[in-house]
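Novice: PDB, C-alpha atoms and all ligand atoms, saved as start_24.pdb, coming up:
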```pdb
ATOM      1  CA  MET A  93      25.529  65.762 -62.560
ATOM      2  CA  LYS A  94      27.354  62.426 -62.839
ATOM      3  CA  SER A  95      25.853  59.575 -60.843
ATOM      4  CA  LEU A  96      26.851  55.922 -60.772
ATOM      5  CA  VAL A  97      25.284  52.830 -59.223
ATOM      6  CA  VAL A  98      27.901  50.110 -58.686
ATOM      7  CA  TYR A  99      26.572  46.675 -57.809
ATOM      8  CA  ASP A 100      27.424  43.014 -57.587
ATOM      9  CA  SER A 101      24.915  40.256 -58.221
ATOM     10  CA  PHE A 102      25.097  36.462 -58.391
ATOM     11  CA  PHE A 103      21.485  35.669 -59.282
ATOM     12  CA  GLY A 104      20.260  38.985 -60.724
ATOM     13  CA  ASN A 105      18.292  40.355 -57.764
ATOM     14  CA  THR A 106      20.702  43.119 -56.741
ATOM     15  CA  GLN A 107      21.158  43.949 -60.415
ATOM     16  CA  LYS A 108      17.395  44.466 -60.766
ATOM     17  CA  ILE A 109      17.328  46.867 -57.818
ATOM     18  CA  ALA A 110      20.440  48.693 -59.050
ATOM     19  CA  GLU A 111      18.873  49.198 -62.475
ATOM     20  CA  ILE A 112      15.639  50.551 -61.020
ATOM     21  CA  ILE A 113      17.549  53.005 -58.822
ATOM     22  CA  ALA A 114      19.791  54.067 -61.703
ATOM     23  CA  GLU A 115      16.870  54.678 -64.025
ATOM     24  CA  GLU A 116      15.024  56.650 -61.372
ATOM     25  CA  ILE A 117      17.930  59.019 -60.673
ATOM     26  CA  GLY A 118      19.281  59.176 -64.225
ATOM     27  CA  ALA A 119      22.487  57.359 -63.333
ATOM     28  CA  GLU A 120      24.536  54.719 -65.086
ATOM     29  CA  SER A 121      24.556  51.300 -63.401
ATOM     30  CA  LYS A 122      27.656  49.126 -63.634
ATOM     31  CA  LYS A 123      28.543  45.697 -62.367
ATOM     32  CA  VAL A 124      31.492  46.059 -60.011
ATOM     33  CA  GLN A 125      33.686  43.806 -62.171
ATOM     34  CA  ASP A 126      33.240  46.214 -65.112
ATOM     35  CA  VAL A 127      34.015  49.475 -63.301
ATOM     36  CA  VAL A 128      37.076  51.310 -64.630
ATOM     37  CA  LYS A 129      38.962  54.279 -63.149
ATOM     38  CA  GLU A 130      37.300  56.764 -65.525
ATOM     39  CA  ASP A 131      33.836  55.805 -64.198
ATOM     40  CA  LEU A 132      34.767  57.286 -60.844
ATOM     41  CA  GLN A 133      36.229  60.532 -62.139
ATOM     42  CA  GLY A 134      34.134  63.674 -61.651
ATOM     43  CA  LEU A 135      31.419  61.773 -59.794
ATOM     44  CA  ASP A 136      28.732  63.661 -57.864
ATOM     45  CA  LEU A 137      26.855  60.638 -56.512
ATOM     46  CA  LEU A 138      28.002  57.057 -55.937
ATOM     47  CA  VAL A 139      25.546  54.362 -54.838
ATOM     48  CA  VAL A 140      26.934  50.921 -54.012
ATOM     49  CA  GLY A 141      24.755  47.812 -53.735
ATOM     50  CA  SER A 142      25.641  44.250 -52.843
ATOM     51  CA  PRO A 143      23.987  40.969 -52.031
ATOM     52  CA  THR A 144      24.508  40.179 -48.350
ATOM     53  CA  ARG A 145      26.770  37.125 -48.214
ATOM     54  CA  ALA A 146      27.739  35.715 -44.835
ATOM     55  CA  PHE A 147      26.582  38.987 -43.238
ATOM     56  CA  ARG A 148      28.888  41.075 -45.418
ATOM     57  CA  PRO A 149      29.135  42.585 -48.888
ATOM     58  CA  SER A 150      30.306  40.264 -51.666
ATOM     59  CA  PRO A 151      34.096  39.794 -52.004
ATOM     60  CA  ASP A 152      34.228  41.897 -55.205
ATOM     61  CA  ILE A 153      32.337  44.799 -53.609
ATOM     62  CA  THR A 154      34.608  44.544 -50.576
ATOM     63  CA  SER A 155      37.751  44.760 -52.695
ATOM     64  CA  PHE A 156      36.278  47.563 -54.855
ATOM     65  CA  LEU A 157      35.717  49.592 -51.673
ATOM     66  CA  TYR A 158      39.083  48.653 -50.221
ATOM     67  CA  ASN A 159      40.854  49.745 -53.411
ATOM     68  CA  LEU A 160      39.287  53.204 -53.503
ATOM     69  CA  ALA A 161      42.085  55.644 -52.722
ATOM     70  CA  GLU A 162      41.965  57.494 -49.407
ATOM     71  CA  SER A 163      39.902  60.702 -49.699
ATOM     72  CA  SER A 164      38.979  59.817 -53.282
ATOM     73  CA  LEU A 165      35.294  60.370 -52.468
ATOM     74  CA  ARG A 166      35.761  63.838 -51.032
ATOM     75  CA  GLY A 167      32.927  65.986 -52.425
ATOM     76  CA  VAL A 168      30.985  62.905 -53.582
ATOM     77  CA  LYS A 169      27.550  62.087 -52.151
ATOM     78  CA  VAL A 170      27.300  58.393 -51.279
ATOM     79  CA  SER A 171      24.682  55.829 -50.406
ATOM     80  CA  ALA A 172      24.421  52.058 -50.088
ATOM     81  CA  PHE A 173      21.931  49.235 -50.263
ATOM     82  CA  ASP A 174      21.980  45.473 -50.051
ATOM     83  CA  THR A 175      19.748  42.546 -50.810
ATOM     84  CA  ARG A 176      19.099  40.087 -47.995
ATOM     85  CA  ILE A 177      16.833  37.445 -46.528
ATOM     86  CA  GLU A 178      14.726  38.405 -43.558
ATOM     87  CA  VAL A 179      14.952  35.917 -40.704
ATOM     88  CA  LYS A 180      11.226  35.183 -40.825
ATOM     89  CA  ASP A 181      11.558  34.022 -44.455
ATOM     90  CA  ILE A 182      14.208  31.371 -43.677
ATOM     91  CA  LYS A 183      12.374  28.078 -44.027
ATOM     92  CA  SER A 184      14.341  25.715 -41.765
ATOM     93  CA  PRO A 185      13.606  26.404 -38.068
ATOM     94  CA  VAL A 186      17.168  25.439 -37.061
ATOM     95  CA  ALA A 187      18.742  27.743 -39.643
ATOM     96  CA  ARG A 188      16.249  30.462 -38.686
ATOM     97  CA  ALA A 189      17.280  30.294 -35.016
ATOM     98  CA  PHE A 190      20.995  30.222 -35.803
ATOM     99  CA  LEU A 191      20.956  32.895 -38.494
ATOM    100  CA  GLY A 192      18.630  35.083 -36.442
ATOM    101  CA  LEU A 193      21.246  35.221 -33.721
ATOM    102  CA  MET A 194      24.102  35.804 -36.168
ATOM    103  CA  ILE A 195      22.231  38.592 -37.952
ATOM    104  CA  LYS A 196      21.649  40.295 -34.600
ATOM    105  CA  PHE A 197      25.417  40.452 -34.135
ATOM    106  CA  PHE A 198      26.693  40.886 -37.682
ATOM    107  CA  GLY A 199      23.810  42.517 -39.575
ATOM    108  CA  TYR A 200      23.684  43.000 -43.342
ATOM    109  CA  ALA A 201      25.922  44.390 -46.081
ATOM    110  CA  ASP A 202      24.594  47.971 -46.267
ATOM    111  CA  LYS A 203      26.328  49.120 -43.065
ATOM    112  CA  PRO A 204      29.908  48.003 -43.863
ATOM    113  CA  ILE A 205      29.518  49.466 -47.356
ATOM    114  CA  ILE A 206      28.463  52.908 -46.170
ATOM    115  CA  LYS A 207      31.087  52.863 -43.426
ATOM    116  CA  THR A 208      33.846  52.387 -46.009
ATOM    117  CA  LEU A 209      32.374  54.965 -48.391
ATOM    118  CA  ILE A 210      32.446  57.500 -45.542
ATOM    119  CA  LYS A 211      35.984  56.460 -44.634
ATOM    120  CA  LYS A 212      37.029  57.266 -48.215
ATOM    121  CA  GLY A 213      35.619  60.789 -47.880
ATOM    122  CA  GLY A 214      32.035  60.324 -49.122
ATOM    123  CA  GLU A 215      29.175  62.426 -47.784
ATOM    124  CA  VAL A 216      26.155  60.313 -46.844
ATOM    125  CA  LEU A 217      22.838  60.984 -48.507
ATOM    126  CA  GLY A 218      19.780  59.597 -46.693
ATOM    127  CA  GLU A 219      19.470  56.216 -44.994
ATOM    128  CA  THR A 220      20.917  52.977 -46.328
ATOM    129  CA  THR A 221      18.521  50.087 -46.778
ATOM    130  CA  GLY A 222      18.093  46.427 -47.708
ATOM    131  CA  PHE A 223      15.759  44.837 -50.246
ATOM    132  CA  CYS A 224      14.424  41.398 -49.395
ATOM    133  CA  VAL A 225      14.556  38.192 -51.405
ATOM    134  CA  LEU A 226      12.275  35.320 -50.449
ATOM    135  CA  ASP A 227      14.897  32.577 -50.884
ATOM    136  CA  SER A 228      18.688  32.527 -51.340
ATOM    137  CA  LYS A 229      18.485  32.928 -55.113
ATOM    138  CA  GLY A 230      15.419  35.171 -55.107
ATOM    139  CA  PRO A 231      12.940  36.239 -56.206
ATOM    140  CA  LEU A 232      12.686  39.679 -54.685
ATOM    141  CA  ARG A 233       9.664  40.306 -52.519
ATOM    142  CA  GLU A 234       7.012  41.871 -54.728
ATOM    143  CA  ALA A 235       6.945  45.286 -53.088
ATOM    144  CA  GLU A 236      10.699  45.787 -53.419
ATOM    145  CA  ALA A 237      10.665  47.286 -56.916
ATOM    146  CA  GLU A 238       8.418  50.064 -55.637
ATOM    147  CA  ARG A 239      10.595  50.508 -52.542
ATOM    148  CA  ALA A 240      13.636  50.802 -54.791
ATOM    149  CA  LYS A 241      11.965  53.736 -56.566
ATOM    150  CA  GLU A 242      11.226  55.374 -53.218
ATOM    151  CA  PHE A 243      14.807  54.810 -52.090
ATOM    152  CA  ALA A 244      16.017  56.404 -55.319
ATOM    153  CA  GLN A 245      13.820  59.440 -54.664
ATOM    154  CA  SER A 246      15.568  59.872 -51.300
ATOM    155  CA  LEU A 247      18.862  60.173 -53.212
ATOM    156  CA  ARG A 248      17.857  63.131 -55.309
ATOM    157  CA  CYS A 249      20.249  65.923 -54.331
TER     158      CYS A 249
HETATM  159  C1  LIG B 301      26.467  31.742 -49.901
HETATM  160  C2  LIG B 301      25.329  32.680 -49.522
HETATM  161  C3  LIG B 301      25.404  33.386 -48.333
HETATM  162  C4  LIG B 301      24.357  34.229 -47.967
HETATM  163  N1  LIG B 301      24.439  34.913 -46.788
HETATM  164  C5  LIG B 301      23.422  35.725 -46.429
HETATM  165  C6  LIG B 301      23.472  36.453 -45.190
HETATM  166  O1  LIG B 301      24.395  36.377 -44.424
HETATM  167  N2  LIG B 301      22.421  37.260 -44.875
HETATM  168  C7  LIG B 301      21.342  37.395 -45.711
HETATM  169  O2  LIG B 301      20.427  38.134 -45.380
HETATM  170  N3  LIG B 301      21.274  36.726 -46.897
HETATM  171  C8  LIG B 301      22.279  35.905 -47.256
HETATM  172  N4  LIG B 301      22.217  35.233 -48.464
HETATM  173  C9  LIG B 301      21.121  35.509 -49.376
HETATM  174  C10 LIG B 301      21.591  36.574 -50.352
HETATM  175  O3  LIG B 301      21.492  37.816 -49.740
HETATM  176  C11 LIG B 301      20.818  36.504 -51.660
HETATM  177  O4  LIG B 301      21.380  35.427 -52.375
HETATM  178  C12 LIG B 301      20.983  37.780 -52.467
HETATM  179  O5  LIG B 301      20.165  38.770 -51.950
HETATM  180  C13 LIG B 301      20.675  37.538 -53.898
HETATM  181  O6  LIG B 301      21.143  38.648 -54.616
HETATM  182  P1  LIG B 301      21.769  38.452 -56.058
HETATM  183  O7  LIG B 301      20.726  37.764 -56.872
HETATM  184  O8  LIG B 301      22.015  39.829 -56.546
HETATM  185  O9  LIG B 301      23.019  37.655 -55.923
HETATM  186  C14 LIG B 301      23.231  34.377 -48.819
HETATM  187  C15 LIG B 301      23.169  33.644 -50.014
HETATM  188  C16 LIG B 301      24.192  32.806 -50.374
HETATM  189  C17 LIG B 301      24.072  32.018 -51.641
END
```
For this file, produce the structure as structure tokens.
Ligand SMILES: Cc1cc2nc3c(=O)[nH]c(=O)nc-3n(C[C@H](O)[C@H](O)[C@H](O)COP(=O)(O)O)c2cc1C
Specialist:
Amino acid sequence: MKSLVVYDSFFGNTQKIAEIIAEEIGAESKKVQDVVKEDLQGLDLLVVGSPTRAFRPSPDITSFLYNLAESSLRGVKVSAFDTRIEVKDIKSPVARAFLGLMIKFFGYADKPIIKTLIKKGGEVLGETTGFCVLDSKGPLREAEAERAKEFAQSLRC
């Protein structure tokens, strides 16, 4: 079984989660900028993770997904995760009020990722999720490493 965890990461938090998931399911993890065509050939499971940036996946994850050929994920199980800040952890009250409203409308990166993976033919495995950082550059909330292992367990086919 060939499994791959593709991720982007600016400050290392999404990378940490991606590596935990990959180790747990016996997959390779690769930064999106390093993924080559051969990595995607003969795949059984593709997991894509991104930091949430302006309510969306990072630009490089977005273009990776966009550039996947139509139907190229037919027969491939797919899942997605993001890293994010929960509204209650945003320190400034003004930013908390504004971002709280925006997040209600626009959400986090996991949903657009999985939507595109499905559009390219992927078959969803389990629920997508987000792992929380405590400030824009991290660190991850303490319990998230354990949650990443649990999430990985939900991906076992
Ligand atoms: C420019 C910028 C925009 C961000 N936008 C959001 C956002 O819309 N929603 C959110 O929950 N977190 C947002 N964050 C926090 C990121 O999700 C956080 O930096 C990320 O989880 C860190 O992951 P990384 O270390 O892998 O880059 C933003 C952070 C930056 C620096």
Novice: One decimal, in Å: what's the spacing between atom C15 of ligand LIG 301 (chain B) and atom CA of Ser228 of chain A?
Specialist: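 Going from atom C15 of ligand LIG 301 (chain B) over to atom CA of Ser228 of chain A, I get 4.8 Å.
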Novice: Pull out every residue that the PyMOL selection byres (((chain A and resi 161-164) around 7) and not hetatm) matches in the shown coordinates and put them as a VMD selection string.
Specialist: chain A and resid 159 to 160 165 to 166 212 to 213
Novice: Can you list, as a ChimeraX atom specification, every protein, DNA or RNA residue that comes within 6 Å of segment 174-186 of chain A when you count all atoms listed in the file, leaving out same-chain residues fewer than 6 positions away?
Specialist: /A:141-144,192,201-202,222-225
Novice: Starting from the PyMOL selection byres (((chain A and resi 233-237) around 9) and not hetatm), expand the selection into actual residues of this file and give them as an MDAnalysis selection string.
Specialist: chainID A and resid 108:109 112 223:226 230:232 238:242
Novice: If the box runs along x, y and z of the file and leaves 3 Å on each side of segment 155-167 of chain A, what are its centre and edge lengths in Å, one decimal, as AutoDock Vina command-line options?
Specialist:
```
--center_x 37.5 --center_y 55.4 --center_z -52.1 --size_x 15.2 --size_y 27.2 --size_z 11.4
```
Novice: Looking at only C-alpha atoms and all ligand atoms, which of A:Lys129, A:Asp136, A:Gly199, A:Glu111 is the one that sits closest to ligand LIG 301 (chain B)?
Specialist: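 Closest candidate: A:Gly199.
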Novice: Evaluated on this file, the PyMOL selection byres (((chain A and resi 210) around 10) and not hetatm) picks out some residues - which ones are they, written as a ChimeraX atom specification?
Specialist: /A:163,165-166,168-171,204-209,211-216
Novice: With only C-alpha atoms as the basis for distance, which of A:Ala119, A:Val128, A:Val98, A:Ala187 is at the shortest distance from Ile153 of chain A?
Specialist: A:Val98
Novice: Would you please work out which residue, of A:Glu219, A:Asp100, A:Glu130, A:Glu120, is nearest to ligand LIG 301 (chain B) when using all atoms listed in the file?
Specialist: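 Among A:Glu219, A:Asp100, A:Glu130, A:Glu120, it is A:Asp100 that comes nearest to ligand LIG 301 (chain B).
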Novice: What does the distance between atom O7 of ligand LIG 301 (chain B) and atom CA of Phe198 of chain A come to in Å, to one decimal place?
Specialist: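 A separation of 20.3 Å between them.
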Novice: Identify, on the basis of only C-alpha atoms, every residue whose closest approach to Gln125 of chain A does not exceed 12 Å; exclude the query and any residue fewer than 2 positions from it along the same chain; express the result as a list in words.
Specialist: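 The residues that qualify are Val98, Tyr99, Asp100, Ser101, Phe102, Ser121, Lys122, Lys123, Val127, Val128, Lys129, Ser150, Pro151, Asp152, Ile153, Thr154, Ser155 and Phe156 of chain A.
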Novice: Out of A:Ala244, A:Val124, A:Val97, A:Ala189, which residue has the shortest atom-to-atom distance to Leu138 of chain A when counting only C-alpha atoms?
Specialist: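 The closest residue to Leu138 of chain A is A:Val97.
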Novice: If I take atom C10 of ligand LIG 301 (chain B) and atom CA of Arg148 of chain A, how far is one from the other in Å, to one decimal?
Specialist: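 Computing the Euclidean distance for atom C10 of ligand LIG 301 (chain B) and atom CA of Arg148 of chain A yields 9.9 Å.
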Novice: Using only C-alpha atoms and all ligand atoms, pick whichever of A:Glu115, A:Asp227, A:Asp131, A:Asp126 has the shortest atom-to-atom distance to ligand LIG 301 (chain B).
Specialist: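 Under the stated criterion, the closest residue is A:Asp227.
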Novice: Please determine, counting all atoms listed in the file, which residue among A:Lys196, A:Gly218, A:Ser95, A:Gly167 has the shortest atom-to-atom distance to Gln245 of chain A.
Specialist: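 Of the candidates, the smallest distance to Gln245 of chain A is held by A:Gly218.
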